[in-house]
$ cat work-v7.cif   # mmCIF, C-alpha atoms, pLDDT in the B column; chains and numbers go by the auth columns
data_input
#
loop_
_atom_site.group_PDB
_atom_site.id
_atom_site.type_symbol
_atom_site.label_atom_id
_atom_site.label_comp_id
_atom_site.label_asym_id
_atom_site.label_seq_id
_atom_site.Cartn_x
_atom_site.Cartn_y
_atom_site.Cartn_z
_atom_site.B_iso_or_equiv
_atom_site.auth_seq_id
_atom_site.auth_asym_id
ATOM 1 C CA MET A 1 -71.261 -29.325 -23.264 52.00 219 A
ATOM 2 C CA SER A 2 -70.751 -30.696 -19.767 52.00 220 A
ATOM 3 C CA GLY A 3 -68.911 -28.838 -16.999 53.00 221 A
ATOM 4 C CA PRO A 4 -65.370 -29.620 -15.886 48.00 222 A
ATOM 5 C CA ALA A 5 -64.482 -32.318 -13.402 50.00 223 A
ATOM 6 C CA ALA A 6 -63.730 -31.167 -9.864 48.00 224 A
ATOM 7 C CA GLY A 7 -60.412 -29.327 -9.731 53.00 225 A
ATOM 8 C CA ARG A 8 -60.016 -29.297 -13.521 67.00 226 A
ATOM 9 C CA THR A 9 -60.179 -26.123 -15.568 85.00 227 A
ATOM 10 C CA HIS A 10 -62.114 -25.454 -18.742 93.00 228 A
ATOM 11 C CA LEU A 11 -60.127 -22.658 -20.364 93.00 229 A
ATOM 12 C CA VAL A 12 -61.008 -20.386 -23.298 95.00 230 A
ATOM 13 C CA LEU A 13 -58.151 -18.863 -25.252 95.00 231 A
ATOM 14 C CA VAL A 14 -58.530 -16.049 -27.773 97.00 232 A
ATOM 15 C CA GLY A 15 -55.534 -14.960 -29.824 94.00 233 A
ATOM 16 C CA ALA A 16 -53.681 -18.279 -29.834 93.00 234 A
ATOM 17 C CA THR A 17 -51.978 -17.571 -33.170 89.00 235 A
ATOM 18 C CA GLY A 18 -50.159 -14.578 -31.676 86.00 236 A
ATOM 19 C CA MET A 19 -46.864 -14.532 -29.802 81.00 237 A
ATOM 20 C CA VAL A 20 -48.203 -14.551 -26.229 85.00 238 A
ATOM 21 C CA GLY A 21 -51.311 -16.540 -27.084 88.00 239 A
ATOM 22 C CA GLY A 22 -49.195 -19.246 -28.657 88.00 240 A
ATOM 23 C CA TYR A 23 -47.319 -19.795 -25.405 85.00 241 A
ATOM 24 C CA ALA A 24 -50.574 -19.681 -23.450 88.00 242 A
ATOM 25 C CA LEU A 25 -51.876 -22.500 -25.632 91.00 243 A
ATOM 26 C CA ARG A 26 -48.715 -24.565 -25.291 88.00 244 A
ATOM 27 C CA TYR A 27 -48.584 -24.387 -21.505 86.00 245 A
ATOM 28 C CA ALA A 28 -52.336 -24.846 -21.109 89.00 246 A
ATOM 29 C CA LEU A 29 -52.258 -28.071 -23.107 92.00 247 A
ATOM 30 C CA GLU A 30 -49.350 -29.313 -20.970 87.00 248 A
ATOM 31 C CA HIS A 31 -50.813 -28.329 -17.608 87.00 249 A
ATOM 32 C CA PRO A 32 -52.430 -31.220 -15.661 87.00 250 A
ATOM 33 C CA ALA A 33 -55.031 -28.945 -14.064 86.00 251 A
ATOM 34 C CA VAL A 34 -56.437 -27.934 -17.446 89.00 252 A
ATOM 35 C CA GLU A 35 -59.013 -30.377 -18.715 92.00 253 A
ATOM 36 C CA ARG A 36 -60.142 -28.578 -21.845 94.00 254 A
ATOM 37 C CA VAL A 37 -58.837 -25.687 -23.946 95.00 255 A
ATOM 38 C CA THR A 38 -61.312 -24.020 -26.272 97.00 256 A
ATOM 39 C CA VAL A 39 -59.423 -21.884 -28.769 97.00 257 A
ATOM 40 C CA ILE A 40 -61.433 -19.310 -30.690 97.00 258 A
ATOM 41 C CA GLY A 41 -59.789 -17.616 -33.630 95.00 259 A
ATOM 42 C CA ARG A 42 -60.092 -16.396 -37.172 92.00 260 A
ATOM 43 C CA ARG A 43 -57.667 -18.902 -38.661 91.00 261 A
ATOM 44 C CA THR A 44 -56.822 -22.506 -37.915 92.00 262 A
ATOM 45 C CA LEU A 45 -53.925 -23.503 -35.659 93.00 263 A
ATOM 46 C CA GLY A 46 -52.904 -26.504 -37.725 90.00 264 A
ATOM 47 C CA ILE A 47 -52.423 -28.743 -34.677 93.00 265 A
ATOM 48 C CA SER A 48 -54.426 -31.416 -32.871 93.00 266 A
ATOM 49 C CA HIS A 49 -54.515 -32.406 -29.196 95.00 267 A
ATOM 50 C CA THR A 50 -56.868 -34.423 -27.014 96.00 268 A
ATOM 51 C CA LYS A 51 -57.528 -31.343 -24.843 95.00 269 A
ATOM 52 C CA LEU A 52 -58.001 -28.955 -27.731 97.00 270 A
ATOM 53 C CA ASN A 53 -61.371 -27.749 -29.000 96.00 271 A
ATOM 54 C CA GLU A 54 -60.783 -25.341 -31.882 97.00 272 A
ATOM 55 C CA ILE A 55 -63.534 -23.027 -33.096 97.00 273 A
ATOM 56 C CA LEU A 56 -63.124 -20.814 -36.158 97.00 274 A
ATOM 57 C CA HIS A 57 -64.925 -17.501 -35.805 97.00 275 A
ATOM 58 C CA PRO A 58 -64.142 -14.985 -38.547 93.00 276 A
ATOM 59 C CA ASN A 59 -66.115 -12.009 -37.223 94.00 277 A
ATOM 60 C CA PHE A 60 -65.549 -10.837 -33.643 96.00 278 A
ATOM 61 C CA SER A 61 -67.903 -7.919 -34.240 96.00 279 A
ATOM 62 C CA ASP A 62 -70.689 -10.390 -33.498 97.00 280 A
ATOM 63 C CA CYS A 63 -69.926 -13.272 -31.137 98.00 281 A
ATOM 64 C CA SER A 64 -73.521 -14.426 -30.616 97.00 282 A
ATOM 65 C CA ALA A 65 -72.828 -17.694 -32.447 97.00 283 A
ATOM 66 C CA LEU A 66 -70.264 -18.596 -29.756 98.00 284 A
ATOM 67 C CA ALA A 67 -72.792 -18.664 -26.912 98.00 285 A
ATOM 68 C CA GLU A 68 -73.144 -22.439 -26.733 97.00 286 A
ATOM 69 C CA SER A 69 -69.398 -23.059 -27.060 97.00 287 A
ATOM 70 C CA LEU A 70 -68.762 -20.698 -24.142 98.00 288 A
ATOM 71 C CA LEU A 71 -70.983 -22.545 -21.686 97.00 289 A
ATOM 72 C CA HIS A 72 -69.418 -24.076 -18.528 94.00 290 A
ATOM 73 C CA GLN A 73 -66.084 -22.250 -18.818 95.00 291 A
ATOM 74 C CA ASP A 74 -63.879 -21.427 -15.816 92.00 292 A
ATOM 75 C CA ALA A 75 -61.414 -18.911 -17.210 91.00 293 A
ATOM 76 C CA THR A 76 -60.524 -17.004 -20.347 92.00 294 A
ATOM 77 C CA ILE A 77 -57.157 -15.746 -21.536 92.00 295 A
ATOM 78 C CA PHE A 78 -57.752 -12.976 -24.070 95.00 296 A
ATOM 79 C CA CYS A 79 -54.710 -12.065 -26.173 93.00 297 A
ATOM 80 C CA LEU A 80 -56.359 -10.773 -29.339 94.00 298 A
ATOM 81 C CA GLY A 81 -54.845 -7.515 -30.526 87.00 299 A
ATOM 82 C CA ALA A 82 -52.924 -5.567 -33.156 85.00 300 A
ATOM 83 C CA TYR A 83 -49.647 -3.665 -33.212 76.00 301 A
ATOM 84 C CA THR A 84 -49.784 0.125 -33.250 77.00 302 A
ATOM 85 C CA GLY A 85 -49.383 1.346 -36.807 76.00 303 A
ATOM 86 C CA SER A 86 -50.168 -2.004 -38.404 80.00 304 A
ATOM 87 C CA VAL A 87 -53.810 -1.029 -39.068 89.00 305 A
ATOM 88 C CA SER A 88 -55.812 2.199 -39.331 94.00 306 A
ATOM 89 C CA ASP A 89 -56.899 3.996 -36.173 94.00 307 A
ATOM 90 C CA THR A 90 -60.506 2.947 -36.737 96.00 308 A
ATOM 91 C CA GLU A 91 -59.565 -0.708 -37.140 96.00 309 A
ATOM 92 C CA PHE A 92 -57.205 -0.500 -34.166 94.00 310 A
ATOM 93 C CA HIS A 93 -60.090 0.658 -31.970 97.00 311 A
ATOM 94 C CA THR A 94 -62.346 -2.043 -33.375 97.00 312 A
ATOM 95 C CA ILE A 95 -59.843 -4.810 -32.582 96.00 313 A
ATOM 96 C CA THR A 96 -58.701 -3.439 -29.219 96.00 314 A
ATOM 97 C CA VAL A 97 -62.040 -2.345 -27.780 97.00 315 A
ATOM 98 C CA ASP A 98 -65.052 -3.482 -29.791 97.00 316 A
ATOM 99 C CA TYR A 99 -63.939 -7.099 -30.248 98.00 317 A
ATOM 100 C CA THR A 100 -63.049 -7.370 -26.561 97.00 318 A
ATOM 101 C CA VAL A 101 -66.362 -5.936 -25.392 97.00 319 A
ATOM 102 C CA GLU A 102 -68.455 -8.072 -27.725 98.00 320 A
ATOM 103 C CA PHE A 103 -66.665 -11.293 -26.781 98.00 321 A
ATOM 104 C CA ALA A 104 -66.940 -10.432 -23.082 97.00 322 A
ATOM 105 C CA ARG A 105 -70.679 -9.825 -23.456 98.00 323 A
ATOM 106 C CA VAL A 106 -71.372 -13.280 -24.867 98.00 324 A
ATOM 107 C CA LEU A 107 -68.914 -15.027 -22.547 98.00 325 A
ATOM 108 C CA HIS A 108 -70.444 -13.546 -19.403 96.00 326 A
ATOM 109 C CA ALA A 109 -73.949 -14.471 -20.523 97.00 327 A
ATOM 110 C CA SER A 110 -72.864 -18.074 -21.110 97.00 328 A
ATOM 111 C CA SER A 111 -70.564 -18.505 -18.086 96.00 329 A
ATOM 112 C CA PRO A 112 -71.357 -15.851 -15.441 93.00 330 A
ATOM 113 C CA SER A 113 -68.754 -17.150 -12.953 90.00 331 A
ATOM 114 C CA VAL A 114 -65.881 -17.199 -15.465 91.00 332 A
ATOM 115 C CA GLU A 115 -62.633 -15.341 -14.692 89.00 333 A
ATOM 116 C CA PHE A 116 -61.208 -13.071 -17.387 90.00 334 A
ATOM 117 C CA VAL A 117 -57.468 -12.662 -17.978 88.00 335 A
ATOM 118 C CA PHE A 118 -56.718 -9.751 -20.314 89.00 336 A
ATOM 119 C CA LEU A 119 -53.464 -8.910 -22.087 89.00 337 A
ATOM 120 C CA SER A 120 -53.313 -5.123 -21.951 89.00 338 A
ATOM 121 C CA GLY A 121 -50.120 -3.083 -22.052 86.00 339 A
ATOM 122 C CA ARG A 122 -47.921 -0.731 -20.041 84.00 340 A
ATOM 123 C CA GLY A 123 -49.266 2.786 -20.250 86.00 341 A
ATOM 124 C CA ALA A 124 -52.921 1.826 -20.623 90.00 342 A
ATOM 125 C CA ASP A 125 -54.933 4.842 -19.523 92.00 343 A
ATOM 126 C CA PRO A 126 -58.125 4.078 -17.566 90.00 344 A
ATOM 127 C CA THR A 127 -59.107 7.753 -17.792 94.00 345 A
ATOM 128 C CA GLU A 128 -59.329 7.274 -21.588 95.00 346 A
ATOM 129 C CA ARG A 129 -57.907 10.763 -22.113 94.00 347 A
ATOM 130 C CA SER A 130 -54.409 9.924 -23.339 96.00 348 A
ATOM 131 C CA ARG A 131 -53.285 11.379 -26.658 94.00 349 A
ATOM 132 C CA ILE A 132 -51.762 7.991 -27.476 94.00 350 A
ATOM 133 C CA ALA A 133 -54.317 5.729 -29.155 94.00 351 A
ATOM 134 C CA PHE A 134 -52.861 2.520 -27.695 91.00 352 A
ATOM 135 C CA ALA A 135 -53.077 3.844 -24.129 93.00 353 A
ATOM 136 C CA ARG A 136 -56.554 5.302 -24.607 96.00 354 A
ATOM 137 C CA TYR A 137 -58.048 2.227 -26.263 96.00 355 A
ATOM 138 C CA LYS A 138 -56.475 -0.279 -23.873 94.00 356 A
ATOM 139 C CA GLY A 139 -57.812 1.788 -20.988 93.00 357 A
ATOM 140 C CA GLU A 140 -61.253 1.783 -22.558 96.00 358 A
ATOM 141 C CA ALA A 141 -61.160 -2.002 -22.965 95.00 359 A
ATOM 142 C CA GLU A 142 -60.000 -2.480 -19.364 92.00 360 A
ATOM 143 C CA ASN A 143 -62.819 -0.296 -18.050 93.00 361 A
ATOM 144 C CA ALA A 144 -65.399 -2.214 -20.047 94.00 362 A
ATOM 145 C CA LEU A 145 -64.167 -5.550 -18.700 93.00 363 A
ATOM 146 C CA LEU A 146 -64.122 -4.322 -15.118 89.00 364 A
ATOM 147 C CA ALA A 147 -67.719 -3.164 -15.518 91.00 365 A
ATOM 148 C CA ALA A 148 -68.928 -6.344 -17.224 92.00 366 A
ATOM 149 C CA GLY A 149 -69.758 -8.235 -14.022 90.00 367 A
ATOM 150 C CA PHE A 150 -67.170 -11.013 -14.208 88.00 368 A
ATOM 151 C CA HIS A 151 -66.297 -12.986 -11.083 83.00 369 A
ATOM 152 C CA ALA A 152 -62.732 -11.699 -11.475 83.00 370 A
ATOM 153 C CA VAL A 153 -60.806 -9.696 -14.057 86.00 371 A
ATOM 154 C CA TYR A 154 -57.005 -9.877 -14.184 85.00 372 A
ATOM 155 C CA ILE A 155 -55.260 -7.258 -16.299 84.00 373 A
ATOM 156 C CA PHE A 156 -51.656 -7.798 -17.382 84.00 374 A
ATOM 157 C CA ARG A 157 -49.787 -4.673 -18.461 84.00 375 A
ATOM 158 C CA PRO A 158 -46.392 -5.716 -19.819 81.00 376 A
ATOM 159 C CA ALA A 159 -44.065 -3.176 -21.381 73.00 377 A
ATOM 160 C CA TYR A 160 -41.745 -4.762 -23.970 67.00 378 A
ATOM 161 C CA ILE A 161 -42.446 -8.457 -24.548 70.00 379 A
ATOM 162 C CA TYR A 162 -39.350 -10.170 -25.871 63.00 380 A
ATOM 163 C CA PRO A 163 -40.129 -12.673 -28.643 70.00 381 A
ATOM 164 C CA VAL A 164 -38.204 -15.788 -27.637 66.00 382 A
ATOM 165 C CA LYS A 165 -38.217 -17.198 -31.155 69.00 383 A
ATOM 166 C CA PRO A 166 -37.014 -15.112 -34.113 67.00 384 A
ATOM 167 C CA ARG A 167 -39.833 -13.473 -36.033 63.00 385 A
ATOM 168 C CA LYS A 168 -40.494 -10.711 -38.526 69.00 386 A
ATOM 169 C CA GLU A 169 -40.735 -7.636 -36.320 61.00 387 A
ATOM 170 C CA PRO A 170 -43.758 -5.382 -36.957 60.00 388 A
ATOM 171 C CA ASN A 171 -41.800 -2.105 -37.096 62.00 389 A
ATOM 172 C CA LEU A 172 -38.420 -0.445 -36.642 62.00 390 A
ATOM 173 C CA GLY A 173 -38.898 0.138 -32.925 63.00 391 A
ATOM 174 C CA TYR A 174 -39.360 -3.563 -32.265 60.00 392 A
ATOM 175 C CA ARG A 175 -36.344 -4.413 -34.429 67.00 393 A
ATOM 176 C CA LEU A 176 -34.193 -2.050 -32.378 73.00 394 A
ATOM 177 C CA LEU A 177 -35.497 -3.387 -29.058 64.00 395 A
ATOM 178 C CA ARG A 178 -34.752 -6.941 -30.077 66.00 396 A
ATOM 179 C CA ALA A 179 -31.214 -5.999 -31.111 70.00 397 A
ATOM 180 C CA ILE A 180 -30.438 -4.284 -27.798 67.00 398 A
ATOM 181 C CA PHE A 181 -32.497 -6.614 -25.588 66.00 399 A
ATOM 182 C CA PRO A 182 -29.613 -7.967 -23.420 70.00 400 A
ATOM 183 C CA ALA A 183 -28.481 -4.465 -22.462 75.00 401 A
ATOM 184 C CA PHE A 184 -32.025 -3.128 -22.180 65.00 402 A
ATOM 185 C CA ARG A 185 -32.997 -5.949 -19.825 68.00 403 A
ATOM 186 C CA MET A 186 -29.955 -5.258 -17.640 74.00 404 A
ATOM 187 C CA LEU A 187 -30.653 -1.523 -17.429 74.00 405 A
ATOM 188 C CA PHE A 188 -34.466 -1.662 -17.213 69.00 406 A
ATOM 189 C CA PRO A 189 -35.467 -5.079 -15.834 67.00 407 A
ATOM 190 C CA SER A 190 -38.978 -3.925 -14.921 67.00 408 A
ATOM 191 C CA GLN A 191 -39.657 -2.888 -18.509 66.00 409 A
ATOM 192 C CA VAL A 192 -39.156 -6.248 -20.230 68.00 410 A
ATOM 193 C CA ILE A 193 -40.465 -9.774 -20.002 67.00 411 A
ATOM 194 C CA ARG A 194 -40.087 -12.831 -22.207 67.00 412 A
ATOM 195 C CA ALA A 195 -43.160 -13.955 -24.132 63.00 413 A
ATOM 196 C CA ASP A 196 -43.110 -17.333 -22.390 69.00 414 A
ATOM 197 C CA GLY A 197 -42.532 -15.722 -18.986 68.00 415 A
ATOM 198 C CA ILE A 198 -45.806 -13.815 -18.998 65.00 416 A
ATOM 199 C CA VAL A 199 -47.716 -17.077 -19.429 64.00 417 A
ATOM 200 C CA ASN A 200 -46.139 -20.027 -17.681 60.00 418 A
ATOM 201 C CA LEU A 201 -46.010 -21.080 -14.064 40.00 419 A
ATOM 202 C CA SER A 202 -42.327 -20.459 -13.503 39.00 420 A
ATOM 203 C CA GLY A 203 -42.855 -17.046 -15.114 39.00 421 A
ATOM 204 C CA ARG A 204 -45.643 -16.268 -12.612 44.00 422 A
ATOM 205 C CA GLY A 205 -48.070 -15.423 -15.339 55.00 423 A
ATOM 206 C CA MET A 206 -51.424 -15.767 -16.987 60.00 424 A
ATOM 207 C CA LEU A 207 -51.900 -19.500 -16.708 61.00 425 A
ATOM 208 C CA VAL A 208 -51.358 -19.362 -12.939 52.00 426 A
ATOM 209 C CA VAL A 209 -54.326 -17.036 -12.579 53.00 427 A
ATOM 210 C CA SER A 210 -56.467 -19.231 -14.807 56.00 428 A
ATOM 211 C CA VAL A 211 -55.955 -22.519 -12.957 53.00 429 A
ATOM 212 C CA ALA A 212 -55.230 -21.466 -9.374 48.00 430 A
ATOM 213 C CA GLN A 213 -58.862 -20.906 -8.431 46.00 431 A
ATOM 214 C CA GLN A 214 -59.716 -24.489 -9.429 43.00 432 A
ATOM 215 C CA LEU A 215 -56.638 -25.797 -7.593 38.00 433 A
ATOM 216 C CA GLY A 216 -57.636 -24.010 -4.392 39.00 434 A
ATOM 217 C CA SER A 217 -54.272 -22.265 -4.228 36.00 435 A
ATOM 218 C CA GLY A 218 -55.193 -18.597 -4.186 35.00 436 A
ATOM 219 C CA ASP A 219 -52.488 -17.630 -1.710 31.00 437 A
ATOM 220 C CA CYS A 220 -49.916 -19.407 -3.822 26.00 438 A
ATOM 221 C CA PHE A 221 -50.704 -17.691 -7.093 28.00 439 A
ATOM 222 C CA ALA A 222 -50.980 -14.327 -5.336 25.00 440 A
ATOM 223 C CA ARG A 223 -47.345 -14.632 -4.319 24.00 441 A
ATOM 224 C CA LEU A 224 -46.205 -15.999 -7.657 24.00 442 A
ATOM 225 C CA LEU A 225 -47.564 -13.104 -9.692 30.00 443 A
ATOM 226 C CA CYS A 226 -44.731 -10.755 -8.708 28.00 444 A
ATOM 227 C CA CYS A 227 -43.268 -10.141 -12.163 33.00 445 A
ATOM 228 C CA PRO A 228 -42.394 -7.248 -14.502 36.00 446 A
ATOM 229 C CA THR A 229 -46.058 -6.931 -15.459 37.00 447 A
ATOM 230 C CA GLN A 230 -48.858 -5.271 -13.597 39.00 448 A
ATOM 231 C CA ALA A 231 -51.706 -7.597 -12.687 41.00 449 A
ATOM 232 C CA GLU A 232 -54.864 -5.880 -11.586 42.00 450 A
ATOM 233 C CA ARG A 233 -58.135 -7.169 -10.210 40.00 451 A
ATOM 234 C CA GLY A 234 -61.341 -5.263 -9.758 43.00 452 A
ATOM 235 C CA GLY A 235 -59.788 -1.973 -10.850 39.00 453 A
ATOM 236 C CA ARG A 236 -57.160 -1.917 -8.068 38.00 454 A
ATOM 237 C CA LYS A 237 -53.554 -2.994 -8.148 35.00 455 A
ATOM 238 C CA ALA A 238 -53.481 -6.493 -6.732 33.00 456 A
ATOM 239 C CA PRO A 239 -51.676 -6.918 -3.372 29.00 457 A
ATOM 240 C CA TRP A 240 -49.125 -9.290 -4.883 24.00 458 A
ATOM 241 C CA VAL A 241 -47.769 -6.620 -7.256 28.00 459 A
ATOM 242 C CA ARG A 242 -44.645 -4.954 -5.889 26.00 460 A
#

$ encode --input "work-v7.cif" --output "structure tokens"
Amino acid sequence: MSGPAAGRTHLVLVGATGMVGGYALRYALEHPAVERVTVIGRRTLGISHTKLNEILHPNFSDCSALAESLLHQDATIFCLGAYTGSVSDTEFHTITVDYTVEFARVLHASSPSVEFVFLSGRGADPTERSRIAFARYKGEAENALLAAGFHAVYIFRPAYIYPVKPRKEPNLGYRLLRAIFPAFRMLFPSQVIRADGIVNLSGRGMLVVSVAQQLGSGDCFARLLCCPTQAERGGRKAPWVR
């Protein structure tokens, strides 16, 4: 696989069949600065696009077979995850931590200068001592990524992500939040963000981080990332987060 043309991004996307990952894929395919989108997942997307390179990988416990496909990449958006309560605690740790660490290991070996954009969550505990599994495991995954040697790691910690399109909610809590979203957003604006807003350019989100380095617009994306998420780099809160 050849490297990207000057100023054009080769982007890897994991978790494209999920809510946030789906928007990341949509905007990446539309963005003129993105030359190639390599989507890695356990099931097919069912779409085709001239920019799209889809790779089916059923077992994220071992990502060694992805080494060649991950050569010459500029950035990765990693959205793979599971909802709390939807799987056992053991499986939740496997998906949240083990899959992330294993993918990061192979990616860094193949593309040492790649930048890693990670969808974490509000409340993630980098001390790994929280009694809440979600917070503890997300913190563990964040720590592993920050120690992996990537050129840059950007961690997004949204609270409630509003699903723009109707969907089957994973549990009662999400059904209630969707029902009261207009009022909740008015009362607690820093605690909510739309699923498309965390990704796209106007939403000051993930895709900005992924392409800005290749566009030579670091100052620009640093200002744009002021949103209801926390974006962190190198273990410290980034200066553009207010």

$ closest_residue --input "work-v7.cif" --among "A:Asn271, A:Gln291, A:Thr308, A:Thr302" --to "Ala327 of chain A" --atoms "all atoms listed in the file"
A:Gln291

$ residues_around --input "work-v7.cif" --residues "Leu325 of chain A" --least-positions-apart "5" --cutoff "9 Å" --atoms "only C-alpha atoms" --output "PyMOL selection string"
chain A and resi 281+284-285+288-289+291+294+320+330+332

$ atom_distance --input "work-v7.cif" --atom1 "atom CA of Leu231 of chain A" --atom2 "atom CA of Glu248 of chain A"
14.3 Å

$ resolve_selection --input "work-v7.cif" --expression "the PyMOL selection byres ((chain A and resi 361) around 12)" --output "tab-separated table (two decimals) with C-alpha atoms, in the frame of the given file"
chain	number	residue	atom	x	y	z
A	315	VAL	CA	-62.04	-2.35	-27.78
A	318	THR	CA	-63.05	-7.37	-26.56
A	319	VAL	CA	-66.36	-5.94	-25.39
A	336	PHE	CA	-56.72	-9.75	-20.31
A	338	SER	CA	-53.31	-5.12	-21.95
A	342	ALA	CA	-52.92	1.83	-20.62
A	343	ASP	CA	-54.93	4.84	-19.52
A	344	PRO	CA	-58.12	4.08	-17.57
A	345	THR	CA	-59.11	7.75	-17.79
A	346	GLU	CA	-59.33	7.27	-21.59
A	354	ARG	CA	-56.55	5.30	-24.61
A	355	TYR	CA	-58.05	2.23	-26.26
A	356	LYS	CA	-56.48	-0.28	-23.87
A	357	GLY	CA	-57.81	1.79	-20.99
A	358	GLU	CA	-61.25	1.78	-22.56
A	359	ALA	CA	-61.16	-2.00	-22.96
A	360	GLU	CA	-60.00	-2.48	-19.36
A	362	ALA	CA	-65.40	-2.21	-20.05
A	363	LEU	CA	-64.17	-5.55	-18.70
A	364	LEU	CA	-64.12	-4.32	-15.12
A	365	ALA	CA	-67.72	-3.16	-15.52
A	366	ALA	CA	-68.93	-6.34	-17.22
A	367	GLY	CA	-69.76	-8.24	-14.02
A	371	VAL	CA	-60.81	-9.70	-14.06
A	372	TYR	CA	-57.00	-9.88	-14.18
A	373	ILE	CA	-55.26	-7.26	-16.30
A	450	GLU	CA	-54.86	-5.88	-11.59
A	451	ARG	CA	-58.14	-7.17	-10.21
A	452	GLY	CA	-61.34	-5.26	-9.76
A	453	GLY	CA	-59.79	-1.97	-10.85
A	454	ARG	CA	-57.16	-1.92	-8.07

$ resolve_selection --input "work-v7.cif" --expression "the PyMOL selection byres ((chain A and resi 247) around 12)" --output "number ranges by chain"
A: 227-231, 234, 240-246, 248-257, 265-271, 418, 425

$ axis_aligned_box --input "work-v7.cif" --around "segment 234-248 of chain A" --padding-each-side "5 Å" --output "AutoDock Vina command-line options"
--center_x -50.3 --center_y -21.9 --center_z -27.1 --size_x 16.8 --size_y 24.8 --size_z 22.2

$ atom_distance --input "work-v7.cif" --atom1 "atom CA of Pro276 of chain A" --atom2 "atom CA of Pro376 of chain A"
27.4 Å

$ closest_residue --input "work-v7.cif" --among "A:Gly233, A:Gly303, A:Gly259, A:Gly264" --to "Ile350 of chain A" --atoms "only C-alpha atoms"
A:Gly303

$ closest_residue --input "work-v7.cif" --among "A:Ile273, A:Leu263, A:Phe368, A:Phe296" --to "Val335 of chain A" --atoms "only C-alpha atoms"
A:Phe296

$ closest_residue --input "work-v7.cif" --among "A:Glu333, A:Asn277, A:Gly341, A:His290" --to "Ile313 of chain A" --atoms "only C-alpha atoms"
A:Asn277

$ closest_residue --input "work-v7.cif" --among "A:Ser279, A:Asp307, A:Arg349, A:Gly236" --to "Arg323 of chain A" --atoms "only C-alpha atoms"
A:Ser279

$ atom_distance --input "work-v7.cif" --atom1 "atom CA of Asp292 of chain A" --atom2 "atom CA of Phe334 of chain A"
8.9 Å

$ resolve_selection --input "work-v7.cif" --expression "the PyMOL selection byres ((chain A and resi 301) around 9)" --output "CSV table (one decimal) with C-alpha atoms, keeping the file's coordinate frame"
chain,number,residue,atom,x,y,z
A,299,GLY,CA,-54.8,-7.5,-30.5
A,300,ALA,CA,-52.9,-5.6,-33.2
A,302,THR,CA,-49.8,0.1,-33.2
A,303,GLY,CA,-49.4,1.3,-36.8
A,304,SER,CA,-50.2,-2.0,-38.4
A,305,VAL,CA,-53.8,-1.0,-39.1
A,310,PHE,CA,-57.2,-0.5,-34.2
A,352,PHE,CA,-52.9,2.5,-27.7
A,388,PRO,CA,-43.8,-5.4,-37.0
A,389,ASN,CA,-41.8,-2.1,-37.1
